[in-house]
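What follows is a short report on a single structure.
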Amino acid sequence: LGIFALSITSPKIASGGSWFRLYSSEADGLSTNRLINSVMGYSGPTLLVVQDKSSQGLFGAFTSHPWEKESGEFYGNSDCFLYRLCGDPMGVYRPKGTGTTNYMYCNPESRSKGYDELAHGLGFGGTSDRPRLYIDEVLDECVALEEDLTFENGPLLSGSPSGQDRHQQKGRFDVEAMEIWAVGGDEVIENALNARYEKRLEDIKRIKKAMKGAKGQYLEDLQSGLTGNKMFAHRDQMRGQAEGKCAEDDDDSDEEEN
């Protein structure tokens with residue numbers, strides 16, 4: 001009933017055809033990185049479903065915008081919304097239209113090696129250091145807040161504040177399960193899956209090119225003797241230090257004999 005009610009909130013969800021599961025924690029393992037990998041390059045509408053371990057509540061987000069890049073900045077469009085399925089009442093939180101457009105966010109730590117000091121993971125709404133709905137990369141600091149400047153206010157987690165523990169009252173939750181579904185109709189899904197496939201081929205080519213370049217540079221250094229010099233410089237330095245130490249010991253021995 002909840003999924004049916006949610007489907008009629010957006011034509012792109014209720015456009016007919018089968019849904020296609022891009023990621024499931026049950027089948028693929030509970031991992032934010034695997035979730036991100038499943039959607040990166042996918043060009044069609046997607047529905048994220050999250051289950052909270054404490055209340056077993058279901059909530060998540062919908063976006064029609066392609067997951068086109070990893071970035072420390074938000075992107076997306078006004079088709080994006082947040083929702084809560086389990087809870088009384090069910091909630092759908094659309095963009096406020098006030099000018100703030102922090103719709104969707106995908107920033108794995110590997111993109112910046114952690115130096116950007118931003119939230120690392122998947123997010124919707126809020127800010128880049130504290131998204132409103134935030135799936136932390138290591139699943140330690142997941143957050144589902146009741147308000148932000150982009151989407152309408154309302155709870156995502158189930159249960160009243162009085163019935164929640166301190167952990168939940170701060171909007172934090174532990175993930176029991178996650179899924180992300182491709183929606184929008186058979187043709188849309190097929191085209192979006194092809195786009196993801198092409199993106200992955202491009203990534204493989206780029207990695208191979210980088211490896212080839214690194215290998216070529218290594219061979220060039222080897223031919224010029226630069227690599228050998230680098231490899232043995234430290235050894236020669238240590239050998240010099242050892243010989244110097246031996247000379248000092250010999251001098252000390254001579255002084256004792258005298």
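Quick note on naming: the chains in the structure tokens go A, B, ... in the order shown, residues restart at 1 in each chain, and ligands are numbered from 1 in order of appearance.
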For stretch 195-205 of chain A, please output as a compact mmCIF listing (two decimals) with N, CA and C atoms, in the first residue's frame all residues within 8 Å (counting only C-alpha atoms; exclusion window: fewer than 4 positions along the same chain).
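around30.txt, written as the output of this step:
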```txt
# COMPACT_ATOMS: atom_id res chain seq x y z
N VAL A 39 24.70 3.11 -9.04
CA VAL A 39 23.95 4.20 -9.69
C VAL A 39 24.83 5.13 -10.51
N MET A 40 26.14 5.12 -10.28
CA MET A 40 27.00 6.08 -10.97
C MET A 40 26.97 5.84 -12.47
N GLY A 41 26.58 6.86 -13.21
CA GLY A 41 26.45 6.75 -14.65
C GLY A 41 25.06 6.35 -15.11
N TYR A 42 24.20 5.95 -14.17
CA TYR A 42 22.82 5.59 -14.55
C TYR A 42 22.05 6.87 -14.84
N SER A 43 21.38 6.92 -15.99
CA SER A 43 20.82 8.19 -16.46
C SER A 43 19.31 8.33 -16.26
N ASN A 191 17.51 2.27 -21.62
CA ASN A 191 18.42 3.32 -22.09
C ASN A 191 19.36 3.77 -20.98
N LYS A 209 44.56 3.59 -19.51
CA LYS A 209 45.43 4.62 -20.07
C LYS A 209 46.37 5.17 -19.01
```
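A straight line drawn from atom CA of A:Ile180 to atom CA of A:Leu145 is 20.2 Å long.
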Residue nearest A:Pro89 among A:Ser158, A:Thr127, A:Ser10, A:Asn194 (counting only C-alpha atoms): A:Ser158
Nearby residues (only C-alpha atoms) at most 9 Å from stretch 109-113 of chain A, same-chain spacing under 5 positions excluded, as a PyMOL selection string: chain A and resi 70-72+118-121+137
Backbone DSSP call of strand (DSSP E or B) for stretch 61-223 of chain A, listed as a ChimeraX atom specification: /A:61-63,75,81-84,91-93,95,104-107,121-124,127,130,133-136,143-144,151,172,175-182
Distance of atom CA of A:Ser54 from atom CA of A:Met104, expressed in Å to one decimal place: 25.3 Å
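Straight-line separation from atom CA of A:Gly125 to atom CA of A:Trp19: 25.0 Å.
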Counting only C-alpha atoms, the residue of A:Pro131, A:Ser25, A:Phe151, A:Asp116 that sits nearest A:Asp79: A:Phe151
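Using only C-alpha atoms, the smallest distance between any of A:Phe59, A:Tyr75, A:Cys86, A:Glu68 and A:Ser38 comes from A:Glu68.
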